[in-house]
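Next comes upload.txt, a file with compact mmCIF, C-alpha atoms.
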# COMPACT_ATOMS: atom_id res chain seq x y z
CA MET A 15 -13.26 -6.06 -28.54
CA ALA A 16 -13.03 -2.80 -26.55
CA LYS A 17 -16.74 -2.13 -27.23
CA MET A 18 -17.68 -5.60 -25.92
CA VAL A 19 -15.66 -5.02 -22.73
CA ILE A 20 -17.30 -1.60 -22.16
CA GLU A 21 -20.80 -3.04 -22.69
CA PHE A 22 -20.02 -5.90 -20.30
CA LEU A 23 -18.76 -3.51 -17.60
CA GLN A 24 -21.56 -0.96 -18.01
CA PRO A 25 -23.87 -2.44 -15.31
CA TYR A 26 -21.02 -2.23 -12.76
CA LEU A 27 -20.07 1.36 -13.67
CA LYS A 28 -23.69 2.50 -13.95
CA LYS A 29 -23.82 3.34 -10.25
CA SER A 30 -22.61 6.95 -10.03
CA ASP A 31 -20.88 6.51 -6.65
CA ARG A 32 -18.64 3.76 -8.02
CA ARG A 33 -17.89 5.72 -11.18
CA ASP A 34 -17.04 8.84 -9.17
CA ASN A 35 -14.92 6.80 -6.74
CA ILE A 36 -12.78 5.52 -9.59
CA ILE A 37 -12.52 8.84 -11.46
CA PHE A 38 -11.60 10.92 -8.40
CA SER A 39 -9.33 8.24 -6.96
CA VAL A 40 -7.34 7.96 -10.17
CA PHE A 41 -7.17 11.77 -10.41
CA TYR A 42 -5.78 12.01 -6.85
CA LYS A 43 -3.21 9.29 -7.51
CA ILE A 44 -2.01 10.84 -10.78
CA THR A 45 -1.70 14.24 -9.08
CA THR A 46 0.21 12.71 -6.16
CA THR A 47 2.58 10.95 -8.56
CA LEU A 48 3.26 14.23 -10.39
CA MET A 49 3.95 15.99 -7.08
CA TYR A 50 6.55 13.40 -6.13
CA LEU A 51 8.05 13.46 -9.62
CA ILE A 52 8.60 17.20 -9.15
CA ALA A 53 9.75 17.15 -5.50
CA ILE A 54 12.08 14.13 -5.51
CA PRO A 55 14.22 15.07 -8.57
CA LEU A 56 14.59 18.64 -7.27
CA PHE A 57 15.70 17.30 -3.90
CA ILE A 58 18.22 14.86 -5.41
CA ARG A 59 19.68 17.54 -7.70
CA ALA A 60 20.14 20.00 -4.82
CA ARG A 61 21.10 17.73 -1.91
CA GLY A 62 22.42 14.60 -3.62
CA GLU A 63 21.77 10.90 -3.12
CA LYS A 64 23.12 10.82 0.44
CA GLU A 65 20.43 13.05 1.98
CA TYR A 66 17.67 11.70 -0.24
CA SER A 67 18.54 8.17 0.95
CA ILE A 68 17.53 9.11 4.50
CA ILE A 69 14.26 10.71 3.31
CA ALA A 70 13.62 7.67 1.09
CA ILE A 71 13.82 5.29 4.05
CA PHE A 72 11.29 7.42 5.97
CA LEU A 73 8.92 7.43 2.98
CA LEU A 74 9.40 3.70 2.50
CA ILE A 75 8.54 2.78 6.09
CA HIS A 76 5.61 5.22 6.20
CA GLY A 77 4.27 3.77 2.96
CA PHE A 78 4.36 0.25 4.40
CA VAL A 79 1.60 1.22 6.83
CA ALA A 80 -0.83 0.74 3.91
CA LEU A 81 0.30 -2.89 3.68
CA ILE A 82 0.07 -3.47 7.43
CA ASP A 83 -3.32 -1.74 7.47
CA ALA A 84 -4.71 -4.44 5.16
CA GLY A 85 -3.92 -7.03 7.85
CA PHE A 86 -5.42 -5.01 10.69
CA SER A 87 -8.59 -4.21 8.77
CA TYR A 88 -9.36 -7.57 7.19
CA ALA A 89 -11.31 -9.23 10.04
CA LEU A 90 -13.29 -6.16 11.08
CA GLY A 91 -13.95 -5.06 7.49
CA LEU A 92 -15.13 -8.46 6.29
CA ARG A 93 -17.53 -8.94 9.23
CA TYR A 94 -18.88 -5.39 9.00
CA MET A 95 -19.39 -5.41 5.21
CA ARG A 96 -21.13 -8.79 5.27
CA ALA A 97 -23.45 -7.53 8.03
CA ILE A 98 -24.31 -4.46 5.92
CA ALA A 99 -24.87 -6.55 2.77
CA THR A 100 -27.30 -8.85 4.59
CA LYS A 101 -28.90 -5.93 6.48
CA ASN A 102 -27.92 -7.48 9.80
CA SER A 103 -28.40 -5.19 12.83
CA ILE A 104 -25.15 -6.50 14.34
CA ALA A 105 -23.17 -4.16 12.01
CA LYS A 106 -23.23 -1.25 14.48
CA TYR A 107 -22.30 -3.57 17.34
CA ILE A 108 -19.26 -4.86 15.38
CA ILE A 109 -17.94 -1.42 14.45
CA ASP A 110 -18.43 0.13 17.91
CA ARG A 111 -16.35 -2.61 19.49
CA GLY A 112 -13.67 -2.64 16.80
CA PHE A 113 -11.77 0.49 17.83
CA SER A 114 -10.06 -1.17 20.81
CA PHE A 115 -8.31 -3.53 18.36
CA TYR A 116 -6.76 -0.61 16.45
CA LEU A 117 -5.97 1.30 19.63
CA SER A 118 -4.03 -1.66 21.04
CA ILE A 119 -1.96 -2.03 17.85
CA ALA A 120 -1.29 1.73 17.72
CA GLY A 121 -0.24 1.68 21.37
CA ILE A 122 2.26 -1.13 20.75
CA ILE A 123 3.82 0.76 17.83
CA PHE A 124 4.09 3.97 19.85
CA LEU A 125 5.63 2.13 22.81
CA LEU A 126 8.23 0.50 20.55
CA SER A 127 9.10 3.89 19.04
CA ILE A 128 9.77 5.24 22.55
CA ILE A 129 11.91 2.24 23.55
CA TYR A 130 13.99 2.27 20.33
CA SER A 131 14.00 6.02 19.64
CA LYS A 132 17.72 6.50 20.35
CA SER A 133 18.68 3.41 18.34
CA MET A 134 16.65 4.67 15.38
CA SER A 135 18.20 8.13 15.70
CA ASN A 136 21.68 6.58 15.69
CA TYR A 137 20.84 4.52 12.60
CA PHE A 138 19.38 7.35 10.53
CA PHE A 139 21.39 10.33 11.73
CA LEU A 140 24.49 8.75 13.36
CA SER A 141 23.55 10.52 16.59
CA PRO A 142 21.11 9.91 19.49
CA ASP A 143 20.12 13.59 19.51
CA HIS A 144 17.02 13.13 17.36
CA ALA A 145 15.18 10.63 19.58
CA VAL A 146 12.23 13.04 19.92
CA GLU A 147 11.76 13.11 16.13
CA MET A 148 11.85 9.29 16.09
CA ILE A 149 9.10 9.18 18.74
CA LEU A 150 7.04 11.61 16.65
CA TYR A 151 7.64 9.37 13.64
CA GLY A 152 6.35 6.36 15.60
CA LEU A 153 3.36 8.39 16.78
CA SER A 154 2.58 9.36 13.18
CA ILE A 155 2.43 5.67 12.24
CA SER A 156 0.19 5.00 15.26
CA PHE A 157 -2.16 7.74 14.04
CA LEU A 158 -2.35 6.08 10.62
CA VAL A 159 -3.24 2.76 12.25
CA MET A 160 -6.08 4.41 14.22
CA SER A 161 -7.15 6.22 11.06
CA SER A 162 -7.64 2.88 9.30
CA TYR A 163 -10.48 2.06 11.74
CA PHE A 164 -12.49 4.94 10.27
CA VAL A 165 -11.45 3.88 6.76
CA VAL A 166 -13.13 0.48 7.27
CA VAL A 167 -16.53 2.19 7.61
CA LEU A 168 -15.88 4.59 4.72
CA GLN A 169 -14.86 1.69 2.48
CA ALA A 170 -17.89 -0.37 3.47
CA GLN A 171 -20.11 2.58 2.49
CA GLU A 172 -18.17 2.89 -0.80
CA LYS A 173 -16.82 6.36 0.06
CA ILE A 174 -13.58 5.51 -1.71
CA SER A 175 -13.07 8.93 -3.27
CA ARG A 176 -13.20 10.42 0.23
CA ILE A 177 -10.61 7.91 1.49
CA ASN A 178 -8.30 8.71 -1.39
CA LEU A 179 -8.77 12.46 -0.97
CA HIS A 180 -7.46 12.12 2.59
CA ARG A 181 -4.54 9.98 1.39
CA PHE A 182 -3.88 12.58 -1.28
CA ILE A 183 -3.67 15.29 1.40
CA LEU A 184 -1.21 13.15 3.38
CA ASP A 185 0.94 12.67 0.27
CA ALA A 186 0.68 16.36 -0.59
CA VAL A 187 2.00 17.31 2.87
CA LYS A 188 4.85 14.78 2.54
CA SER A 189 5.88 15.99 -0.92
CA ALA A 190 5.56 19.64 0.18
CA GLY A 191 7.77 18.74 3.15
CA LEU A 192 10.53 17.74 0.74
CA LEU A 193 10.38 21.16 -0.90
CA PHE A 194 10.30 22.99 2.44
CA VAL A 195 13.33 21.05 3.70
CA LEU A 196 15.08 21.86 0.41
CA PHE A 197 14.28 25.56 -0.02
CA LEU A 198 14.52 26.50 3.68
CA SER A 199 17.85 24.65 3.94
CA LEU A 200 16.57 22.49 6.81
CA ASN A 201 18.25 19.31 8.03
CA SER A 202 16.76 15.98 6.97
CA HIS A 203 15.43 15.16 10.44
CA ASN A 204 13.03 18.13 10.14
CA TYR A 205 11.17 16.20 7.44
CA ILE A 206 9.63 14.08 10.20
CA TYR A 207 7.57 17.07 11.37
CA PHE A 208 5.87 17.19 7.97
CA VAL A 209 5.21 13.44 8.08
CA PHE A 210 3.70 13.85 11.55
CA THR A 211 1.53 16.79 10.43
CA GLY A 212 0.22 14.82 7.44
CA SER A 213 -0.69 11.86 9.68
CA VAL A 214 -2.58 14.11 12.15
CA LEU A 215 -4.50 15.69 9.27
CA LYS A 216 -5.45 12.32 7.80
CA LEU A 217 -6.66 10.99 11.16
CA TYR A 218 -8.80 14.09 11.68
CA LEU A 219 -10.29 14.03 8.16
CA ASP A 220 -11.07 10.29 8.31
CA TYR A 221 -12.78 10.82 11.67
CA LYS A 222 -14.89 13.74 10.34
CA SER A 223 -16.06 11.70 7.32
CA PHE A 224 -16.79 8.72 9.59
CA SER A 225 -18.86 10.88 11.95
CA LYS A 226 -21.14 11.90 9.07
CA ILE A 227 -22.05 8.24 8.53
CA THR A 228 -22.37 6.97 12.09
CA ASP A 229 -21.72 7.98 15.70
CA PHE A 230 -18.28 7.37 17.15
CA ASN A 231 -19.10 5.21 20.14
CA PRO A 232 -15.99 3.12 20.96
CA THR A 233 -16.80 0.36 23.42
CA PHE A 234 -14.28 -2.01 24.89
CA ASP A 235 -15.34 -5.62 24.59
CA TYR A 236 -12.76 -8.28 25.37
CA GLN A 237 -14.61 -10.93 23.37
CA GLU A 238 -14.77 -8.71 20.27
CA LEU A 239 -11.09 -7.83 20.66
CA LYS A 240 -10.35 -11.55 20.86
CA ASN A 241 -12.57 -12.24 17.82
CA ASN A 242 -10.74 -9.67 15.70
CA PHE A 243 -7.36 -11.10 16.66
CA GLN A 244 -8.52 -14.67 16.05
CA LEU A 245 -10.09 -13.89 12.68
CA GLY A 246 -7.32 -11.55 11.64
CA TRP A 247 -4.22 -13.47 12.70
CA MET A 248 -3.63 -14.86 9.20
CA SER A 249 -3.96 -11.41 7.68
CA MET A 250 -1.56 -9.99 10.24
CA ILE A 251 0.99 -12.67 9.31
CA ILE A 252 0.38 -11.74 5.67
CA SER A 253 1.11 -8.11 6.59
CA VAL A 254 4.42 -9.12 8.17
CA LEU A 255 5.35 -11.24 5.14
CA SER A 256 4.39 -8.44 2.73
CA LEU A 257 6.53 -6.07 4.79
CA LEU A 258 9.44 -8.51 4.48
CA LEU A 259 8.94 -8.83 0.72
CA PHE A 260 8.72 -5.08 0.15
CA ALA A 261 11.42 -4.04 2.59
CA GLY A 262 13.73 -7.05 2.56
CA ASP A 263 15.57 -6.28 -0.66
CA LYS A 264 16.03 -2.64 0.42
CA LEU A 265 17.45 -3.66 3.81
CA LEU A 266 19.86 -6.12 2.16
CA VAL A 267 20.87 -3.68 -0.56
CA ILE A 268 21.41 -0.82 1.87
CA GLN A 269 23.90 -2.99 3.78
CA LYS A 270 25.89 -3.44 0.57
CA LEU A 271 25.58 0.10 -0.79
CA SER A 272 25.42 2.08 2.47
CA LYS A 273 22.83 4.81 2.98
CA ASP A 274 24.95 7.23 0.93
CA ASN A 275 24.39 5.30 -2.32
CA PHE A 276 20.89 3.98 -1.68
CA GLY A 277 19.26 6.90 -3.50
CA SER A 278 19.43 5.40 -7.02
CA TYR A 279 17.88 2.12 -5.91
CA SER A 280 15.19 3.88 -3.92
CA PHE A 281 14.40 6.30 -6.76
CA ALA A 282 13.98 3.45 -9.25
CA PHE A 283 11.65 1.66 -6.84
CA ASP A 284 9.74 4.83 -6.01
CA LEU A 285 9.04 5.61 -9.67
CA ASN A 286 7.36 2.23 -9.99
CA VAL A 287 5.53 2.17 -6.68
CA ARG A 288 3.77 5.45 -7.57
CA ALA A 289 1.46 3.56 -9.94
CA TYR A 290 0.66 0.94 -7.31
CA PHE A 291 -1.59 3.55 -5.77
CA LEU A 292 -3.56 3.79 -9.01
CA ILE A 293 -4.41 0.11 -8.82
CA TYR A 294 -5.06 0.37 -5.06
CA ALA A 295 -7.71 2.95 -5.94
CA VAL A 296 -9.41 0.36 -8.15
CA TYR A 297 -9.08 -2.54 -5.69
CA SER A 298 -10.32 -0.49 -2.74
CA THR A 299 -13.38 0.39 -4.87
CA ILE A 300 -14.21 -3.16 -5.94
CA TYR A 301 -13.41 -4.90 -2.62
CA PRO A 302 -16.62 -3.91 -0.75
CA VAL A 303 -18.65 -4.62 -3.87
CA LEU A 304 -17.16 -8.13 -4.12
CA ILE A 305 -17.98 -8.83 -0.47
CA LYS A 306 -21.58 -7.65 -0.85
CA LYS A 307 -22.11 -9.60 -4.07
CA HIS A 308 -20.66 -12.77 -2.53
CA ALA A 309 -22.91 -12.29 0.52
CA THR A 310 -25.95 -12.08 -1.77
CA GLN A 311 -24.57 -14.78 -4.15
CA GLU A 312 -24.41 -12.54 -7.22
CA ASN A 313 -22.01 -12.99 -10.16
CA VAL A 314 -18.71 -11.06 -9.87
CA GLY A 315 -17.40 -11.60 -13.42
CA ARG A 316 -17.83 -7.95 -14.46
CA ILE A 317 -15.97 -6.70 -11.41
CA LEU A 318 -13.00 -9.02 -11.98
CA LEU A 319 -12.90 -8.04 -15.66
CA PHE A 320 -12.82 -4.39 -14.62
CA GLY A 321 -9.78 -5.18 -12.46
CA LEU A 322 -8.03 -6.87 -15.40
CA VAL A 323 -8.80 -3.92 -17.72
CA SER A 324 -7.33 -1.57 -15.10
CA ILE A 325 -4.12 -3.63 -14.88
CA PHE A 326 -3.80 -3.66 -18.67
CA SER A 327 -4.38 0.12 -18.90
CA ILE A 328 -1.80 1.00 -16.22
CA SER A 329 0.72 -1.39 -17.79
CA ILE A 330 0.30 0.14 -21.25
CA PHE A 331 0.09 3.80 -20.29
CA TYR A 332 2.52 3.92 -17.37
CA TYR A 333 4.90 0.97 -17.12
CA LEU A 334 5.55 0.49 -20.83
CA PRO A 335 6.65 4.12 -21.42
CA LEU A 336 8.55 4.10 -18.12
CA SER A 337 10.53 1.04 -19.23
CA PHE A 338 11.24 2.25 -22.76
CA PHE A 339 12.22 5.79 -21.76
CA SER A 340 13.83 5.11 -18.38
CA SER A 341 17.22 6.55 -19.34
CA GLU A 342 15.67 9.72 -20.81
CA ILE A 343 13.44 10.17 -17.73
CA VAL A 344 16.34 9.85 -15.29
CA THR A 345 18.63 12.12 -17.34
CA PHE A 346 16.01 14.82 -17.89
CA PHE A 347 14.24 14.87 -14.53
CA VAL A 348 16.97 13.97 -12.09
CA ASP A 349 20.67 13.81 -12.86
CA LYS A 350 22.64 12.35 -15.74
CA ASN A 351 25.29 11.33 -13.21
CA LEU A 352 22.88 9.13 -11.28
CA SER A 353 23.97 5.51 -11.32
CA ALA A 354 23.76 3.94 -14.80
CA ASP A 355 22.16 0.90 -13.15
CA THR A 356 19.12 3.08 -12.35
CA TYR A 357 17.77 2.62 -15.90
CA VAL A 358 17.93 -1.17 -15.68
CA LEU A 359 16.55 -1.15 -12.14
CA ILE A 360 13.50 0.81 -13.34
CA ARG A 361 12.79 -1.83 -16.01
CA ILE A 362 13.13 -4.72 -13.55
CA PHE A 363 10.86 -3.01 -11.02
CA SER A 364 8.33 -2.33 -13.80
CA LEU A 365 8.01 -6.06 -14.51
CA ALA A 366 7.71 -6.74 -10.77
CA ALA A 367 5.01 -4.07 -10.49
CA ILE A 368 2.87 -5.65 -13.23
CA ALA A 369 3.19 -9.07 -11.56
CA TYR A 370 2.22 -7.52 -8.23
CA MET A 371 -0.83 -5.76 -9.73
CA VAL A 372 -2.10 -9.11 -11.04
CA PHE A 373 -1.51 -10.70 -7.65
CA GLY A 374 -3.28 -7.76 -5.97
CA LEU A 375 -6.45 -8.55 -7.92
CA THR A 376 -6.32 -12.22 -6.89
CA GLU A 377 -5.64 -11.19 -3.27
CA THR A 378 -8.66 -8.85 -3.31
CA TYR A 379 -10.85 -11.60 -4.78
CA LEU A 380 -9.74 -14.31 -2.33
CA ASN A 381 -10.00 -12.02 0.70
CA SER A 382 -13.51 -10.96 -0.30
CA LEU A 383 -14.51 -14.65 -0.24
CA GLY A 384 -12.97 -15.16 3.20
CA TYR A 385 -10.03 -17.27 1.99
CA PRO A 386 -7.05 -15.58 3.68
CA HIS A 387 -5.34 -18.99 4.04
CA MET A 388 -4.87 -19.08 0.26
CA VAL A 389 -3.43 -15.56 0.28
CA LEU A 390 -1.17 -16.57 3.18
CA PHE A 391 0.06 -19.60 1.23
CA SER A 392 0.85 -17.35 -1.76
CA TYR A 393 2.85 -15.01 0.48
CA ALA A 394 4.64 -18.01 2.01
CA ILE A 395 5.71 -19.14 -1.48
CA GLY A 396 6.78 -15.58 -2.32
CA THR A 397 8.78 -15.33 0.93
CA ILE A 398 10.51 -18.69 0.33
CA THR A 399 11.36 -17.56 -3.21
CA PHE A 400 12.67 -14.27 -1.86
CA PHE A 401 14.98 -15.73 0.78
CA SER A 402 16.16 -18.64 -1.38
CA SER A 403 17.49 -16.16 -3.95
CA ALA A 404 18.15 -12.98 -1.94
CA PHE A 405 21.41 -13.68 -0.18
CA TYR A 406 23.15 -15.09 -3.26
CA LEU A 407 21.90 -12.43 -5.69
CA VAL A 408 22.42 -9.43 -3.40
CA GLU A 409 25.80 -10.72 -2.23
CA ASN A 410 27.06 -11.13 -5.78
CA TYR A 411 25.14 -8.48 -7.73
CA GLN A 412 24.27 -5.91 -5.04
CA ALA A 413 21.55 -3.49 -6.25
CA MET A 414 20.81 -5.49 -9.41
CA GLY A 415 20.57 -8.65 -7.35
CA GLY A 416 18.11 -6.97 -4.99
CA ALA A 417 15.89 -5.96 -7.90
CA TYR A 418 15.93 -9.47 -9.42
CA THR A 419 15.11 -10.93 -5.99
CA PHE A 420 12.13 -8.58 -5.72
CA LEU A 421 11.01 -9.58 -9.24
CA ALA A 422 11.28 -13.30 -8.47
CA ALA A 423 9.21 -12.94 -5.29
CA ASN A 424 6.48 -10.99 -7.11
CA LEU A 425 6.33 -13.51 -9.95
CA ALA A 426 5.89 -16.28 -7.36
CA LEU A 427 3.06 -14.31 -5.72
CA CYS A 428 1.43 -13.70 -9.10
CA ILE A 429 1.52 -17.33 -10.26
CA THR A 430 0.22 -18.83 -7.00
CA GLY A 431 -2.46 -16.12 -6.66
CA VAL A 432 -3.74 -16.73 -10.20
CA VAL A 433 -3.81 -20.51 -9.73
CA PHE A 434 -5.78 -20.27 -6.47
CA SER A 435 -8.21 -17.69 -7.88
CA LEU A 436 -8.95 -19.76 -10.96
CA LEU A 437 -9.53 -22.89 -8.86
CA VAL A 438 -11.93 -21.03 -6.54
CA TYR A 439 -13.72 -19.14 -9.35
CA PHE A 440 -14.44 -22.25 -11.42
CA LYS A 441 -15.45 -24.20 -8.31
CA LEU A 442 -18.02 -21.50 -7.43
CA PHE A 443 -19.10 -21.20 -11.06
CA LYS A 444 -19.66 -24.97 -11.27
CA ALA A 445 -21.62 -24.96 -7.99
CA ALA A 446 -23.82 -22.12 -9.26
CA LYS A 447 -24.60 -24.06 -12.46
CA ILE A 448 -25.70 -27.04 -10.38

Take the structure I supplied and represent it as structure tokens, if you would.
Amino acid sequence: MAKMVIEFLQPYLKKSDRRDNIIFSVFYKITTTLMYLIAIPLFIRARGEKEYSIIAIFLLIHGFVALIDAGFSYALGLRYMRAIATKNSIAKYIIDRGFSFYLSIAGIIFLLSIIYSKSMSNYFFLSPDHAVEMILYGLSISFLVMSSYFVVVLQAQEKISRINLHRFILDAVKSAGLLFVLFLSLNSHNYIYFVFTGSVLKLYLDYKSFSKITDFNPTFDYQELKNNFQLGWMSMIISVLSLLLFAGDKLLVIQKLSKDNFGSYSFAFDLNVRAYFLIYAVYSTIYPVLIKKHATQENVGRILLFGLVSIFSISIFYYLPLSFFSSEIVTFFVDKNLSADTYVLIRIFSLAAIAYMVFGLTETYLNSLGYPHMVLFSYAIGTITFFSSAFYLVENYQAMGGAYTFLAANLALCITGVVFSLLVYFKLFKAAKI
């Protein structure tokens, strides 16, 4: 069976760029995961759950930029990649006029961070004295949004290993920041300076790689700005819904547990989310290939099978051991006094992660075909599932209820995504036969 799968996938992996993209991307993600697994337990042991809870919220929000980025980049990326696949000269025109879209979004985020800087400082640090750090934090997110403009071009040219190297450097700076804050006995708000530094580095590196492919010639064009908003509005709603699904349970749980006791919940989630980036490395590699093959009406069966094999491999080699040995991992790496619920939370989040990986493949497939309305419907079902169960479960079962709510939402996403993908795939397959 394994031999048949390898032979079937061989034509897809034959291209050295794709093979290198996957190998290097997975290497970067595994290394990043190990860095966090070293830094976070050390921090929790030395400073306790209370301080880690604040850092965890910063990491959580910063990590959500990847989800929001998918919404920003969908319209521009799809149009640009299709133009490249069909050798249409409009490709350069599209990309030159796309930067204003990202700049406007980044500007809105930065402006909001200025307006609400004192409120954010009060929430995180119980004092308005760290408003400057909150503005820097907002600016770091704005830089990541602008950086994703350059990523669109790198992804279209299948420079995925380069994209993931830059993300790896960002993660390395963030994990190193934890250790600096710990060993130099700095206050938690100083961690923001490391987050900001990592964001500046990533923006610079993405720009340098972009400039080797094409000239940076940003041109404001109102019609193009309007086109990107019109074509991308569904994806931006999807980004908001995905943000709700990924942050909603944490926001509800933190109200019940307080920031002081949020560390266990966040740690259990963080252990699982580390492997998401492994599957992102795969999906970001196959996404431009899917678009190009659809544009030229080629079969995509091998690519989808590769995605399924990747999900199976990560489930077997990461999530299965994580679930079985969750209590030993927490006791050995972190603290035996960490909440006993942490072990169960890790197992629940593992199931949710597998469901989300399957949905991620269907989302990549449907987006590559230009069917964001189906993805949006899946997220709508997931959101309805989330809110219909969240308040009862979190109210009555607190952290455990939050985890079960997150699992239910991801299962809803998975089921609807699979159903839509199968309907579309067999419809296209039937049309091709005719």

task: Identify which of the residues A:Thr100, A:Gln169, A:Ser435, A:Thr356 lies closest to Thr310 in chain A, counting all atoms listed in the file when measuring atom-to-atom distances.
output: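 For Thr310 in chain A, the nearest of the given residues is A:Thr100.
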
- request: One decimal, Å: what's the distance from CA of Phe115 in chain A over to CA of Met250 in chain A, could you say?
  value: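 If I compute the distance from CA of Phe115 in chain A to CA of Met250 in chain A, I get 12.4 Å.
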
message: Using all atoms listed in the file, can you tell me which of A:Phe420, A:Phe139, A:Tyr393, A:Phe339 comes closest to Leu365 in chain A?
response: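 That would be A:Phe420, the residue with the smallest distance to Leu365 in chain A.
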
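You will find CA of Lys106 in chain A at 26.7 Å from CA of Tyr294 in chain A.
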
field: Separation of CA of Thr46 in chain A from CA of Gly191 in chain A in Å
entry: 13.4 Å

query: Which one is closest to Phe405 in chain A: A:Phe281, A:Phe124, A:Tyr418, A:Tyr207? Count only C-alpha atoms.
result: A:Tyr418

- prompt: Using only C-alpha atoms, which of A:Leu383, A:Leu92, A:Ile128, A:Leu196 sits nearest Gly62 in chain A?
  reply: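 Using only C-alpha atoms, the shortest distance to Gly62 in chain A belongs to A:Leu196.
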
message: Can you pull out the residues contacting Lys132 in chain A? Cut-off 6 Å, using all atoms listed in the file, and skip same-chain residues under 2 positions away; I want them as a PyMOL selection string.
response: chain A and resi 130+134-135+142+145

message: I need the residue nearest Tyr42 in chain A from this list: A:Leu126, A:Leu184, A:Ile109, A:Leu56. Use all atoms listed in the file for the distance.
response: A:Leu184

query: With distances taken over only C-alpha atoms, which of A:Gly396, A:Ser154, A:Ile325, A:Leu219 is nearest to Ser127 in chain A?
result: A:Ser154

field: Polymer residues at most 12 Å from Tyr406 in chain A, only C-alpha atoms, same-chain spacing of 3 or more positions, as a ChimeraX atom specification
entry: /A:263,266-267,400-403,409-412,414-416,418-419

query: Which neighbours of Leu421 in chain A fall inside 12 Å, counting only C-alpha atoms, when residues of the same chain fewer than 6 positions from it are skipped, and could you give them as a PyMOL selection string?
result: chain A and resi 259-260+263+283+359-370+396-397+399-400+403-404+407+414-415+427-428

message: Need to verify the contact set: Leu168 in chain A, 12 Å, only C-alpha atoms, exclusion of same-chain residues closer than 2 positions in sequence. Can you return it as a VMD selection string?
response: chain A and resid 35 91 94 to 95 109 161 to 166 170 to 178 180 219 to 228 298 to 299 302

message: Need the shell around Ile129 in chain A: protein/DNA/RNA residues with any atom at most 12 Å away, counting all atoms listed in the file. Skip same-chain ones fewer than 6 positions apart. Format as a VMD selection string?
response: chain A and resid 122 to 123 135 145 to 146 148 to 149 152
